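Enquirer: Compact mmCIF, C-alpha atoms and all ligand atoms, file start_8.txt:
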```
# COMPACT_ATOMS: atom_id res chain seq x y z
CA MET Y 1 -11.03 -6.38 -8.87
CA TRP Y 2 -7.53 -5.70 -10.02
CA PHE Y 3 -6.38 -9.26 -9.64
CA PHE Y 4 -9.38 -10.94 -11.24
CA ALA Y 5 -9.63 -9.05 -14.44
CA ASN Y 6 -6.92 -7.27 -16.26
CA ARG Y 7 -8.47 -3.84 -16.12
CA LEU Y 8 -5.67 -2.25 -18.06
CA THR Y 9 -6.25 -3.37 -21.59
CA LYS Y 10 -2.97 -3.84 -23.36
CA ARG Y 11 -2.95 -1.40 -26.18
CA ASN Y 12 0.51 -0.24 -25.45
CA HIS Y 13 2.31 0.02 -28.77
CA ARG Y 14 5.61 -0.81 -27.14
CA GLY Y 15 4.49 -4.19 -26.03
CA HIS Y 16 3.61 -4.92 -22.48
CA HIS Y 17 5.63 -6.75 -19.96
CA ASP Y 18 4.22 -9.64 -18.07
CA PRO Y 19 2.75 -8.45 -14.75
CA HIS Y 20 4.30 -11.48 -13.08
CA ASP Y 21 7.73 -10.50 -14.23
CA HIS Y 22 9.91 -9.64 -11.24
CA HIS Y 23 12.73 -8.05 -13.09
CA HIS Y 24 11.31 -4.81 -14.51
CA HIS Y 25 14.01 -4.94 -17.14
CA ASP Y 26 11.88 -3.61 -19.95
CA HIS Y 27 10.89 -0.36 -18.25
CA GLY Y 28 12.17 2.76 -19.84
CA HIS Y 29 12.37 1.65 -23.43
CA ALA Y 30 10.56 4.77 -24.55
CA VAL Y 31 13.63 6.58 -25.74
CA GLU Y 32 14.70 3.74 -28.01
CA THR Y 33 11.31 3.04 -29.51
CA ARG Y 34 9.98 6.52 -30.01
CA ARG Y 35 9.02 7.47 -33.48
CA SER Y 36 11.32 9.67 -35.45
CA GLY Y 37 10.37 13.34 -35.39
CA THR Y 38 9.46 13.28 -31.70
CA ARG Y 39 11.42 14.28 -28.68
CA GLU Y 40 10.80 12.59 -25.36
CA ILE Y 41 10.84 14.76 -22.25
CA GLN Y 42 11.23 12.97 -18.92
CA VAL Y 43 8.61 14.20 -16.47
CA VAL Y 44 8.35 11.66 -13.63
CA ARG Y 45 5.61 13.31 -11.64
CA ARG Y 46 2.83 11.75 -9.67
CA VAL Y 47 -0.51 12.73 -11.11
CA LEU Y 48 -1.88 13.40 -7.64
CA ASP Y 49 1.06 15.60 -6.65
CA ALA Y 50 -1.11 18.69 -6.29
CA ASN Y 51 -3.61 16.86 -4.08
CA ASP Y 52 -0.86 15.33 -1.95
CA ALA Y 53 0.84 18.70 -1.47
CA MET Y 54 -2.44 20.27 -0.40
CA ALA Y 55 -3.10 17.34 1.95
CA ALA Y 56 0.32 17.84 3.51
CA ARG Y 57 -0.47 21.52 4.12
CA LEU Y 58 -3.78 20.56 5.72
CA ARG Y 59 -2.06 17.94 7.88
CA ALA Y 60 0.40 20.55 9.11
CA ALA Y 61 -2.43 22.97 9.90
CA PHE Y 62 -4.33 20.26 11.82
CA ALA Y 63 -1.19 19.38 13.77
CA GLU Y 64 -0.55 23.00 14.67
CA LYS Y 65 -4.12 23.50 15.87
CA GLY Y 66 -4.25 20.16 17.70
CA VAL Y 67 -7.03 18.65 15.65
CA PHE Y 68 -7.35 14.91 15.03
CA VAL Y 69 -8.93 14.13 11.67
CA LEU Y 70 -10.81 10.93 10.85
CA ASN Y 71 -11.71 10.08 7.27
CA MET Y 72 -14.76 7.81 7.15
CA MET Y 73 -15.39 5.89 3.95
CA SER Y 74 -17.78 3.23 2.69
CA SER Y 75 -20.05 2.32 -0.17
CA PRO Y 76 -23.37 4.21 -0.27
CA GLY Y 77 -25.72 3.36 2.56
CA SER Y 78 -23.35 1.32 4.74
CA GLY Y 79 -24.24 3.47 7.70
CA LYS Y 80 -21.63 6.22 7.90
CA THR Y 81 -24.06 8.94 8.92
CA THR Y 82 -25.90 6.75 11.44
CA THR Y 83 -22.63 5.52 12.94
CA LEU Y 84 -21.39 9.08 13.13
CA GLN Y 85 -24.56 10.32 14.83
CA LYS Y 86 -24.24 7.66 17.53
CA THR Y 87 -20.50 8.20 17.81
CA LEU Y 88 -20.90 11.95 18.29
CA ALA Y 89 -23.55 11.44 20.96
CA ARG Y 90 -21.11 9.30 22.94
CA ILE Y 91 -17.94 11.23 22.38
CA MET Y 92 -19.07 14.88 22.43
CA PRO Y 93 -19.19 15.23 26.16
CA ARG Y 94 -15.44 14.55 26.23
CA LEU Y 95 -14.15 15.85 22.92
CA ARG Y 96 -15.04 18.93 20.91
CA CYS Y 97 -16.15 17.53 17.56
CA ALA Y 98 -16.93 18.89 14.12
CA VAL Y 99 -18.04 17.19 10.95
CA ILE Y 100 -17.47 17.67 7.25
CA VAL Y 101 -19.89 15.75 5.13
CA GLY Y 102 -19.63 15.15 1.43
CA ASP Y 103 -22.95 14.60 -0.22
CA ILE Y 104 -23.52 14.80 -3.93
CA CYS Y 105 -26.77 16.72 -4.00
CA THR Y 106 -28.71 16.77 -0.73
CA THR Y 107 -28.31 18.23 2.75
CA VAL Y 108 -30.05 15.27 4.42
CA ASP Y 109 -26.88 13.90 6.06
CA ALA Y 110 -25.75 17.37 7.18
CA ASP Y 111 -29.15 18.01 8.77
CA ARG Y 112 -29.07 14.66 10.58
CA LEU Y 113 -25.55 15.30 11.86
CA ALA Y 114 -26.30 18.89 12.93
CA GLN Y 115 -28.73 17.48 15.50
CA SER Y 116 -25.69 16.37 17.48
CA GLY Y 117 -24.89 20.02 18.18
CA ALA Y 118 -21.49 19.71 16.47
CA PRO Y 119 -20.62 22.22 13.75
CA VAL Y 120 -21.30 20.58 10.39
CA VAL Y 121 -19.97 21.72 7.04
CA GLN Y 122 -21.63 20.28 3.99
CA ILE Y 123 -19.47 19.93 0.93
CA ASN Y 124 -20.97 20.46 -2.45
CA THR Y 125 -19.25 17.94 -4.69
CA ASP Y 126 -20.88 19.09 -7.88
CA GLU Y 127 -17.57 20.48 -9.01
CA PHE Y 128 -14.79 19.25 -11.17
CA GLY Y 129 -14.04 15.61 -10.86
CA GLY Y 130 -15.25 15.55 -7.30
CA ASP Y 131 -18.47 13.62 -7.46
CA CYS Y 132 -17.01 10.35 -6.23
CA HIS Y 133 -14.57 11.37 -3.50
CA LEU Y 134 -13.44 14.35 -1.44
CA ALA Y 135 -10.17 15.85 -2.60
CA ALA Y 136 -7.85 17.88 -0.39
CA HIS Y 137 -8.68 21.25 -1.94
CA VAL Y 138 -12.39 20.69 -1.30
CA VAL Y 139 -11.70 19.78 2.32
CA GLU Y 140 -9.53 22.87 2.66
CA ARG Y 141 -12.39 25.08 1.61
CA ALA Y 142 -14.71 23.34 4.09
CA VAL Y 143 -12.15 23.73 6.88
CA ALA Y 144 -12.09 27.47 6.26
CA GLY Y 145 -15.63 27.53 7.64
CA LEU Y 146 -14.57 25.94 10.94
CA ASP Y 147 -12.84 27.34 14.01
CA LEU Y 148 -10.02 24.80 14.36
CA ASP Y 149 -9.00 26.21 17.74
CA GLY Y 150 -12.26 24.95 19.16
CA ILE Y 151 -12.06 21.44 17.72
CA ASP Y 152 -10.33 18.29 18.97
CA LEU Y 153 -11.83 15.78 16.58
CA LEU Y 154 -12.86 16.49 13.02
CA ILE Y 155 -14.69 13.67 11.29
CA VAL Y 156 -15.02 13.68 7.52
CA GLU Y 157 -17.83 11.61 6.06
CA ASN Y 158 -16.54 10.90 2.58
CA ILE Y 159 -18.68 10.23 -0.49
CA GLY Y 160 -20.25 6.76 -0.59
CA ASN Y 161 -17.77 4.88 -2.79
CA LEU Y 162 -15.34 2.04 -2.07
CA VAL Y 163 -12.91 2.91 -4.86
CA CYS Y 164 -12.00 6.54 -5.40
CA PRO Y 165 -11.74 8.01 -1.87
CA ALA Y 166 -8.96 5.52 -1.07
CA GLU Y 167 -6.76 7.28 -3.60
CA PHE Y 168 -7.10 10.80 -2.17
CA ASP Y 169 -5.23 11.96 0.88
CA ILE Y 170 -7.15 14.74 2.65
CA GLY Y 171 -4.70 15.37 5.47
CA GLU Y 172 -6.39 12.94 7.83
CA ASP Y 173 -4.75 11.09 10.72
CA LYS Y 174 -6.70 7.86 10.46
CA ARG Y 175 -9.05 6.28 7.99
CA VAL Y 176 -11.88 3.90 8.73
CA VAL Y 177 -14.02 1.96 6.30
CA VAL Y 178 -17.59 1.02 7.16
CA LEU Y 179 -18.76 -2.22 5.60
CA SER Y 180 -22.32 -3.29 6.29
CA VAL Y 181 -23.05 -6.98 6.50
CA THR Y 182 -25.78 -6.55 3.87
CA GLU Y 183 -23.07 -5.86 1.28
CA GLY Y 184 -21.58 -9.35 1.44
CA GLU Y 185 -18.28 -10.71 2.67
CA ASP Y 186 -16.65 -10.54 -0.77
CA LYS Y 187 -16.30 -6.74 -0.74
CA PRO Y 188 -12.86 -6.54 0.93
CA ALA Y 189 -11.34 -8.83 -1.73
CA LYS Y 190 -13.01 -6.82 -4.48
CA TYR Y 191 -11.79 -3.48 -3.13
CA PRO Y 192 -8.44 -4.34 -1.56
CA LEU Y 193 -7.00 -0.83 -1.89
CA MET Y 194 -9.67 0.60 0.42
CA PHE Y 195 -9.08 -2.06 3.04
CA ARG Y 196 -5.32 -1.69 2.82
CA GLU Y 197 -5.46 2.07 3.10
CA CYS Y 198 -7.72 2.09 6.16
CA ASP Y 199 -6.65 1.79 9.80
CA ALA Y 200 -9.80 0.09 11.04
CA THR Y 201 -12.91 -1.57 9.65
CA LEU Y 202 -16.38 -1.16 11.10
CA LEU Y 203 -18.55 -4.15 10.19
CA ASN Y 204 -21.93 -2.49 10.58
CA LYS Y 205 -25.58 -3.57 10.78
CA ILE Y 206 -24.78 -6.77 12.68
CA ASP Y 207 -28.31 -6.55 14.13
CA LEU Y 208 -29.34 -7.90 10.69
CA LEU Y 209 -27.09 -10.99 10.83
CA PRO Y 210 -29.94 -13.37 11.79
CA TYR Y 211 -31.66 -12.53 8.51
CA LEU Y 212 -28.61 -12.84 6.26
CA ASP Y 213 -26.19 -15.50 5.06
CA PHE Y 214 -23.24 -13.28 5.86
CA ASP Y 215 -20.19 -15.39 6.78
CA MET Y 216 -18.48 -13.37 9.51
CA ASP Y 217 -15.45 -15.67 9.72
CA LEU Y 218 -14.89 -15.46 6.01
CA ALA Y 219 -15.19 -11.66 6.10
CA ARG Y 220 -12.68 -11.41 8.94
CA THR Y 221 -10.27 -13.85 7.28
CA SER Y 222 -10.44 -11.96 4.02
CA ILE Y 223 -9.81 -8.60 5.73
CA ALA Y 224 -6.96 -10.10 7.74
CA LYS Y 225 -5.27 -11.29 4.53
CA ILE Y 226 -5.58 -7.89 2.89
CA HIS Y 227 -4.54 -5.87 5.92
CA PRO Y 228 -2.99 -8.10 8.57
CA GLY Y 229 -3.43 -6.73 12.06
CA MET Y 230 -6.03 -4.08 11.22
CA PRO Y 231 -8.69 -3.82 13.95
CA VAL Y 232 -12.17 -4.92 12.88
CA PHE Y 233 -15.13 -3.80 15.01
CA GLU Y 234 -18.47 -5.55 14.69
CA ILE Y 235 -21.10 -2.91 15.38
CA SER Y 236 -24.71 -2.00 14.90
CA ALA Y 237 -25.32 1.70 14.51
CA LYS Y 238 -28.95 0.92 15.20
CA THR Y 239 -28.58 -0.86 18.54
CA GLU Y 240 -25.09 0.46 19.40
CA VAL Y 241 -23.80 -3.06 19.98
CA GLY Y 242 -20.00 -3.02 19.77
CA PHE Y 243 -19.73 0.74 20.24
CA ASP Y 244 -17.69 0.54 23.44
CA ASP Y 245 -14.76 -1.05 21.60
CA TRP Y 246 -15.03 1.22 18.57
CA ILE Y 247 -15.29 4.40 20.63
CA GLY Y 248 -12.47 3.18 22.85
CA TRP Y 249 -10.22 2.70 19.83
CA LEU Y 250 -11.13 6.09 18.36
CA GLU Y 251 -10.56 7.95 21.62
CA ALA Y 252 -7.22 6.22 22.08
CA GLN Y 253 -6.13 7.39 18.61
CA VAL Y 254 -7.20 10.96 19.34
CA LYS Y 255 -5.43 10.95 22.71
CA LYS Y 256 -2.24 9.61 21.18
CA LYS Y 257 -2.09 12.61 18.89
CA LEU Y 258 -3.35 15.35 21.18
CA GLN Y 259 -1.66 14.55 24.47
CA MET J 1 -15.30 7.40 -11.40
CA HIS J 2 -12.58 9.97 -10.69
CA GLU J 3 -10.90 9.38 -14.04
CA MET J 4 -12.09 12.75 -15.37
CA GLY J 5 -10.26 14.61 -12.62
CA ILE J 6 -7.19 12.45 -13.18
CA ALA J 7 -7.29 13.12 -16.93
CA MET J 8 -7.47 16.89 -16.30
CA GLU J 9 -4.55 16.66 -13.92
CA ILE J 10 -2.53 14.75 -16.52
CA VAL J 11 -3.20 17.48 -19.10
CA GLU J 12 -2.08 20.18 -16.64
CA ILE J 13 1.16 18.38 -15.78
CA ALA J 14 1.88 17.56 -19.43
CA LYS J 15 1.33 21.17 -20.52
CA ALA J 16 3.58 22.44 -17.76
CA SER J 17 6.28 19.99 -18.86
CA ILE J 18 6.72 21.41 -22.35
CA PRO J 19 10.18 22.99 -22.34
CA ALA J 20 10.28 26.77 -22.75
CA ASP J 21 12.23 26.48 -26.00
CA MET J 22 9.46 24.35 -27.49
CA HIS J 23 6.67 26.77 -26.71
CA GLY J 24 3.64 26.09 -28.90
CA ALA J 25 4.70 22.52 -29.65
CA LYS J 26 2.18 19.73 -29.78
CA ILE J 27 2.35 16.79 -27.40
CA GLN J 28 1.91 13.55 -29.29
CA ARG J 29 2.13 11.03 -26.52
CA VAL J 30 1.91 10.87 -22.73
CA ASN J 31 3.56 7.90 -21.05
CA LEU J 32 1.83 7.02 -17.81
CA GLN J 33 2.63 4.35 -15.23
CA VAL J 34 -0.26 2.91 -13.29
CA GLY J 35 0.18 0.37 -10.50
CA LYS J 36 -2.29 -2.48 -10.42
CA LEU J 37 -3.35 -1.53 -6.91
CA SER J 38 -4.38 1.98 -7.86
CA ALA J 39 -8.03 2.78 -8.31
CA ILE J 40 -7.90 3.55 -12.02
CA VAL J 41 -9.81 1.97 -14.85
CA ALA J 42 -7.62 2.43 -17.91
CA ASP J 43 -10.41 2.47 -20.47
CA SER J 44 -12.37 5.18 -18.71
CA LEU J 45 -9.17 7.16 -18.18
CA ARG J 46 -8.46 7.00 -21.94
CA PHE J 47 -12.04 8.01 -22.67
CA CYS J 48 -11.79 11.04 -20.38
CA PHE J 49 -8.34 11.90 -21.69
CA ASP J 50 -9.67 12.02 -25.26
CA LEU J 51 -12.35 14.44 -24.11
CA VAL J 52 -10.20 16.83 -22.12
CA ILE J 53 -7.35 17.17 -24.64
CA LYS J 54 -9.55 18.96 -27.16
CA GLU J 55 -8.24 22.45 -27.92
CA THR J 56 -5.10 21.94 -25.87
CA PRO J 57 -1.49 21.29 -26.96
CA LEU J 58 -2.35 17.62 -26.39
CA GLU J 59 -5.11 17.50 -28.99
CA GLY J 60 -4.92 14.11 -30.72
CA ALA J 61 -2.25 12.83 -28.31
CA GLU J 62 -2.07 9.18 -27.33
CA LEU J 63 -2.16 8.14 -23.69
CA VAL J 64 0.13 5.16 -23.21
CA ILE J 65 -0.54 3.32 -19.99
CA GLU J 66 2.07 1.01 -18.57
CA GLU J 67 0.76 -1.28 -15.89
CA LEU J 68 3.05 -2.06 -12.95
CA PRO J 69 2.62 -5.19 -10.85
CA VAL J 70 2.10 -5.13 -7.10
CA VAL J 71 5.44 -6.01 -5.52
CA ALA J 72 5.83 -6.44 -1.77
CA HIS J 73 8.81 -6.79 0.54
CA CYS J 74 8.63 -8.65 3.86
CA LYS J 75 10.09 -6.64 6.73
CA ASP J 76 10.68 -9.78 8.76
CA CYS J 77 12.43 -12.14 6.32
CA GLN J 78 13.30 -9.74 3.45
CA HIS J 79 11.42 -11.92 0.95
CA ARG J 80 10.24 -10.07 -2.14
CA TRP J 81 7.30 -11.20 -4.23
CA THR J 82 4.63 -10.18 -6.72
CA VAL J 83 1.17 -9.96 -5.19
CA THR J 84 -1.38 -11.47 -7.58
CA GLU J 85 -4.33 -12.04 -5.25
CA PRO J 86 -5.78 -9.90 -2.45
CA VAL J 87 -3.44 -11.49 0.07
CA PHE J 88 -0.79 -9.36 1.74
CA LEU J 89 0.95 -12.01 3.80
CA CYS J 90 4.53 -13.07 3.17
CA PRO J 91 4.45 -16.41 1.31
CA ALA J 92 7.78 -17.34 2.91
CA CYS J 93 7.11 -16.61 6.59
CA GLN J 94 3.42 -15.58 6.78
CA SER J 95 4.32 -12.20 8.24
CA GLY J 96 1.91 -9.37 7.58
CA SER J 97 4.54 -6.74 8.15
CA LEU J 98 5.44 -5.58 4.66
CA ASP J 99 6.24 -2.68 2.41
CA ILE J 100 4.54 -2.23 -0.94
CA LEU J 101 7.41 -1.53 -3.33
CA SER J 102 5.29 -0.96 -6.39
CA GLY J 103 1.67 -1.16 -7.41
CA ARG J 104 0.42 2.20 -6.13
CA GLU J 105 1.91 4.31 -8.93
CA LEU J 106 -0.05 6.89 -10.83
CA GLU J 107 2.76 8.73 -12.45
CA ILE J 108 3.57 10.55 -15.67
CA LYS J 109 6.90 9.21 -16.82
CA SER J 110 7.42 11.30 -19.92
CA ILE J 111 5.80 13.21 -22.72
CA GLU J 112 6.70 13.00 -26.41
CA ILE J 113 6.65 16.20 -28.40
CA GLU J 114 6.79 16.63 -32.14
CA ASP J 115 10.21 17.79 -33.19
CA GLU J 116 10.56 19.79 -36.36
CA ASP J 117 14.24 19.07 -37.01
N1 LIG Y 301 -30.63 -2.36 10.63
C1 LIG Y 301 -29.68 -1.42 10.57
N2 LIG Y 301 -29.82 -0.38 9.72
C2 LIG Y 301 -28.84 0.56 9.70
C3 LIG Y 301 -27.69 0.49 10.53
N3 LIG Y 301 -26.90 1.54 10.28
C4 LIG Y 301 -27.53 2.27 9.31
N4 LIG Y 301 -28.70 1.68 8.97
C5 LIG Y 301 -29.66 2.13 7.95
O1 LIG Y 301 -29.04 2.09 6.68
C6 LIG Y 301 -29.47 3.17 5.87
C7 LIG Y 301 -28.27 3.98 5.41
O2 LIG Y 301 -27.62 4.54 6.54
P1 LIG Y 301 -26.76 5.88 6.47
O3 LIG Y 301 -26.22 6.10 7.84
O4 LIG Y 301 -27.55 6.96 5.86
O5 LIG Y 301 -25.63 5.40 5.49
P2 LIG Y 301 -24.46 6.29 4.80
O6 LIG Y 301 -23.29 5.39 4.67
O7 LIG Y 301 -24.29 7.55 5.54
O8 LIG Y 301 -25.11 6.57 3.37
P3 LIG Y 301 -24.59 7.60 2.25
O9 LIG Y 301 -24.12 8.83 2.96
O10 LIG Y 301 -25.81 7.83 1.42
O11 LIG Y 301 -23.51 6.89 1.51
C8 LIG Y 301 -30.43 3.98 6.74
O12 LIG Y 301 -31.74 3.58 6.44
C9 LIG Y 301 -30.05 3.58 8.15
O13 LIG Y 301 -31.10 3.68 9.06
C10 LIG Y 301 -27.60 -0.63 11.43
O14 LIG Y 301 -26.65 -0.81 12.19
N5 LIG Y 301 -28.62 -1.55 11.40
MG MG Y 302 -24.30 9.50 4.82
ZN ZN Y 303 8.59 -12.98 5.32
```
Could you render the structure as structure tokens?
Expert:
Amino acid sequence: MWFFANRLTKRNHRGHHDPHDHHHHDHGHAVETRRSGTREIQVVRRVLDANDAMAARLRAAFAEKGVFVLNMMSSPGSGKTTTLQKTLARIMPRLRCAVIVGDICTTVDADRLAQSGAPVVQINTDEFGGDCHLAAHVVERAVAGLDLDGIDLLIVENIGNLVCPAEFDIGEDKRVVVLSVTEGEDKPAKYPLMFRECDATLLNKIDLLPYLDFDMDLARTSIAKIHPGMPVFEISAKTEVGFDDWIGWLEAQVKKKLQ
Amino acid sequence: MHEMGIAMEIVEIAKASIPADMHGAKIQRVNLQVGKLSAIVADSLRFCFDLVIKETPLEGAELVIEELPVVAHCKDCQHRWTVTEPVFLCPACQSGSLDILSGRELEIKSIEIEDED
């Protein structure tokens, strides 16, 4: 939505520069315009520094243990858990898998995923600021409950949300976004950060296409403009249509890292 | 959404940035840069900030948010442009191979502290 509405209301007392301005020449006026009686201290630190540092430590640990990590994101109900269940059933004979699932207040998804036989760690997100995404420190705690030596592929089912999880690195190797066709083809353009940050899109629930007005070409065109070249897999987690290509892609990514 | 966590993080970084010789000083202003591509809603961030600064050295401080445009650079033809729609294709050569130069920032630039002298 960032390009439709100006979400950042301009209350800046220094006056705002035009977002279309290419020159950036009015950055850094703070020193000149500060009120008397104040001293300005340069900080220049990314707010998510702590998360990014933790994610880097996790990534190093996963690399050392030979674990490929997939971060799976979507809005609520797009079919992450169902897709994961079917994915595990197909991939488990060849790869040792484990799952971390973020769920705000139930264990329903964890119970469904545990049926696969893979170790499942449920994350309680009822803690500080973590009700809309999984942050690296939360994943680290979940990982402590897993034997990384016995895992090739760790899949993290993030919290159902198309905004916040895109901002938080959790040490993953690849990110996929699940978009169900019931959500409408306008979602990629409304949440461009998510689609830019991901490495593949799963367009799920295509078994429902006959009952919907979903414009598949428009959806694909819109995704291709936001993230040119990103693979888009049309799947149904219900019928498993399209799973050969999706599983093929995933296994190729895992192999690339672990070989 | 995650603005509360972000606000708490800002308070932590700001507190840690008070120079040792100004121990006990009050922070009056935090200057933040937010890229237009980042997943932050400024109004909810300000709302959360006002909540979490209570009983800290930032009590009453103003959060100044500077918005940065999304600027991309084409790796194929070196064209540089401001992205204003959800289209990440080079307008000069249609290439999709690009670097995002700005737009993803979520950065504390500086803090302003009351100075007795
Ligand atoms: N028809 C159809 N229904 C599906 C498909 N995939 C998932 N569903 C249904 O959609 C609903 C939500 O699926 P989940 O797999 O729980 O979705 P989720 O993304 O894990 O949901 P949250 O974890 O709550 O965000 C369930 O009722 C599923 O049975 C599909 O391919 N086709
Ligand atoms: Mg789920
Ligand atoms: Zn170009």
Enquirer: Select the residues contacting ligand ZN 303 (chain Y) at a distance of at most 10 Å, based on all atoms listed in the file, then format the selection as an mmCIF file with C-alpha atoms, in the frame of the given file.
Expert:
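Listed below is the output, out.cif:
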```
data_model
loop_
_atom_site.group_PDB
_atom_site.id
_atom_site.type_symbol
_atom_site.label_atom_id
_atom_site.label_comp_id
_atom_site.auth_asym_id
_atom_site.auth_seq_id
_atom_site.Cartn_x
_atom_site.Cartn_y
_atom_site.Cartn_z
ATOM 1 C CA HIS J 73 8.810 -6.790 0.540
ATOM 2 C CA CYS J 74 8.630 -8.650 3.860
ATOM 3 C CA LYS J 75 10.090 -6.640 6.730
ATOM 4 C CA ASP J 76 10.680 -9.780 8.760
ATOM 5 C CA CYS J 77 12.430 -12.140 6.320
ATOM 6 C CA GLN J 78 13.300 -9.740 3.450
ATOM 7 C CA HIS J 79 11.420 -11.920 0.950
ATOM 8 C CA ARG J 80 10.240 -10.070 -2.140
ATOM 9 C CA TRP J 81 7.300 -11.200 -4.230
ATOM 10 C CA LEU J 89 0.950 -12.010 3.800
ATOM 11 C CA CYS J 90 4.530 -13.070 3.170
ATOM 12 C CA PRO J 91 4.450 -16.410 1.310
ATOM 13 C CA ALA J 92 7.780 -17.340 2.910
ATOM 14 C CA CYS J 93 7.110 -16.610 6.590
ATOM 15 C CA GLN J 94 3.420 -15.580 6.780
ATOM 16 C CA SER J 95 4.320 -12.200 8.240
ATOM 17 C CA GLY J 96 1.910 -9.370 7.580
ATOM 18 C CA SER J 97 4.540 -6.740 8.150
ATOM 19 C CA LEU J 98 5.440 -5.580 4.660
#
```
Enquirer: At a cut-off of 7 Å around ligand LIG 301 (chain Y), and using all atoms listed in the file, what residues come up? Please write them as an MDAnalysis selection string.
Expert: chainID Y and resid 74:83 103 109 159:160 204:208 235:239
Enquirer: Taking all listed atoms of segment 55-63 of chain Y, build the axis-aligned box, pad each of the six sides by 4 Å, then write its centre and edge lengths in Å to one decimal as lines of an AutoDock Vina configuration file.
Expert:
```
center_x = -2.0
center_y = 20.2
center_z = 7.9
size_x = 12.7
size_y = 13.6
size_z = 19.8
```
Enquirer: Fewer than 2 positions away in the same chain doesn't count, so skip those; otherwise give me all residues within 7 Å of segment 143-158 of chain Y, counting all atoms listed in the file, as a JSON list (two decimals) with C-alpha atoms, in the coordinates of the input.
Expert:
```json
[["chain", "number", "residue", "atom", "x", "y", "z"],
["Y", 65, "LYS", "CA", -4.12, 23.50, 15.87],
["Y", 66, "GLY", "CA", -4.25, 20.16, 17.70],
["Y", 67, "VAL", "CA", -7.03, 18.65, 15.65],
["Y", 68, "PHE", "CA", -7.35, 14.91, 15.03],
["Y", 69, "VAL", "CA", -8.93, 14.13, 11.67],
["Y", 70, "LEU", "CA", -10.81, 10.93, 10.85],
["Y", 71, "ASN", "CA", -11.71, 10.08, 7.27],
["Y", 72, "MET", "CA", -14.76, 7.81, 7.15],
["Y", 73, "MET", "CA", -15.39, 5.89, 3.95],
["Y", 80, "LYS", "CA", -21.63, 6.22, 7.90],
["Y", 95, "LEU", "CA", -14.15, 15.85, 22.92],
["Y", 96, "ARG", "CA", -15.04, 18.93, 20.91],
["Y", 97, "CYS", "CA", -16.15, 17.53, 17.56],
["Y", 98, "ALA", "CA", -16.93, 18.89, 14.12],
["Y", 99, "VAL", "CA", -18.04, 17.19, 10.95],
["Y", 100, "ILE", "CA", -17.47, 17.67, 7.25],
["Y", 101, "VAL", "CA", -19.89, 15.75, 5.13],
["Y", 102, "GLY", "CA", -19.63, 15.15, 1.43],
["Y", 133, "HIS", "CA", -14.57, 11.37, -3.50],
["Y", 134, "LEU", "CA", -13.44, 14.35, -1.44],
["Y", 139, "VAL", "CA", -11.70, 19.78, 2.32],
["Y", 140, "GLU", "CA", -9.53, 22.87, 2.66],
["Y", 141, "ARG", "CA", -12.39, 25.08, 1.61],
["Y", 160, "GLY", "CA", -20.25, 6.76, -0.59]]
```
Enquirer: Hey, which of J:Val52, J:Leu32, J:Val71, J:Val64 ends up closest to Val11 of chain J? Count only C-alpha atoms.
Expert: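 For Val11 of chain J, the nearest of the candidates is J:Val52.
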Enquirer: Give as a PDB file with C-alpha atoms, in the coordinates of the input every residue of chain J that touches chain Y within 6 Å, counting only C-alpha atoms.
Expert:
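part-v3.pdb, freshly written:
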```
ATOM      1  CA  HIS J   2     -12.580   9.970 -10.690  1.00  0.00           C
ATOM      2  CA  MET J   4     -12.090  12.750 -15.370  1.00  0.00           C
ATOM      3  CA  GLY J   5     -10.260  14.610 -12.620  1.00  0.00           C
ATOM      4  CA  ALA J  39      -8.030   2.780  -8.310  1.00  0.00           C
ATOM      5  CA  ALA J  42      -7.620   2.430 -17.910  1.00  0.00           C
ATOM      6  CA  VAL J  64       0.130   5.160 -23.210  1.00  0.00           C
ATOM      7  CA  PRO J  69       2.620  -5.190 -10.850  1.00  0.00           C
ATOM      8  CA  THR J  84      -1.380 -11.470  -7.580  1.00  0.00           C
ATOM      9  CA  GLU J  85      -4.330 -12.040  -5.250  1.00  0.00           C
ATOM     10  CA  PRO J  86      -5.780  -9.900  -2.450  1.00  0.00           C
ATOM     11  CA  VAL J  87      -3.440 -11.490   0.070  1.00  0.00           C
ATOM     12  CA  PHE J  88      -0.790  -9.360   1.740  1.00  0.00           C
ATOM     13  CA  GLY J  96       1.910  -9.370   7.580  1.00  0.00           C
ATOM     14  CA  LEU J 106      -0.050   6.890 -10.830  1.00  0.00           C
ATOM     15  CA  GLU J 107       2.760   8.730 -12.450  1.00  0.00           C
ATOM     16  CA  ILE J 108       3.570  10.550 -15.670  1.00  0.00           C
ATOM     17  CA  LYS J 109       6.900   9.210 -16.820  1.00  0.00           C
ATOM     18  CA  SER J 110       7.420  11.300 -19.920  1.00  0.00           C
ATOM     19  CA  ILE J 111       5.800  13.210 -22.720  1.00  0.00           C
ATOM     20  CA  GLU J 112       6.700  13.000 -26.410  1.00  0.00           C
ATOM     21  CA  ILE J 113       6.650  16.200 -28.400  1.00  0.00           C
ATOM     22  CA  GLU J 114       6.790  16.630 -32.140  1.00  0.00           C
ATOM     23  CA  ASP J 115      10.210  17.790 -33.190  1.00  0.00           C
TER      24      ASP J 115
END
```
Enquirer: Return the single residue from Y:Val241, Y:Val181, Y:Cys105, Y:Ala63 that is closest to ligand MG 302 (chain Y), with distances computed using all atoms listed in the file.
Expert: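 Among the listed residues, the smallest separation from ligand MG 302 (chain Y) belongs to Y:Cys105.
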Enquirer: So which residues touch Ala55 of chain Y within 8 Å, counting all atoms listed in the file, skipping near sequence neighbours fewer than 3 positions away, as a ChimeraX atom specification?
Expert: /Y:51-52,58-59,136-137,169-171
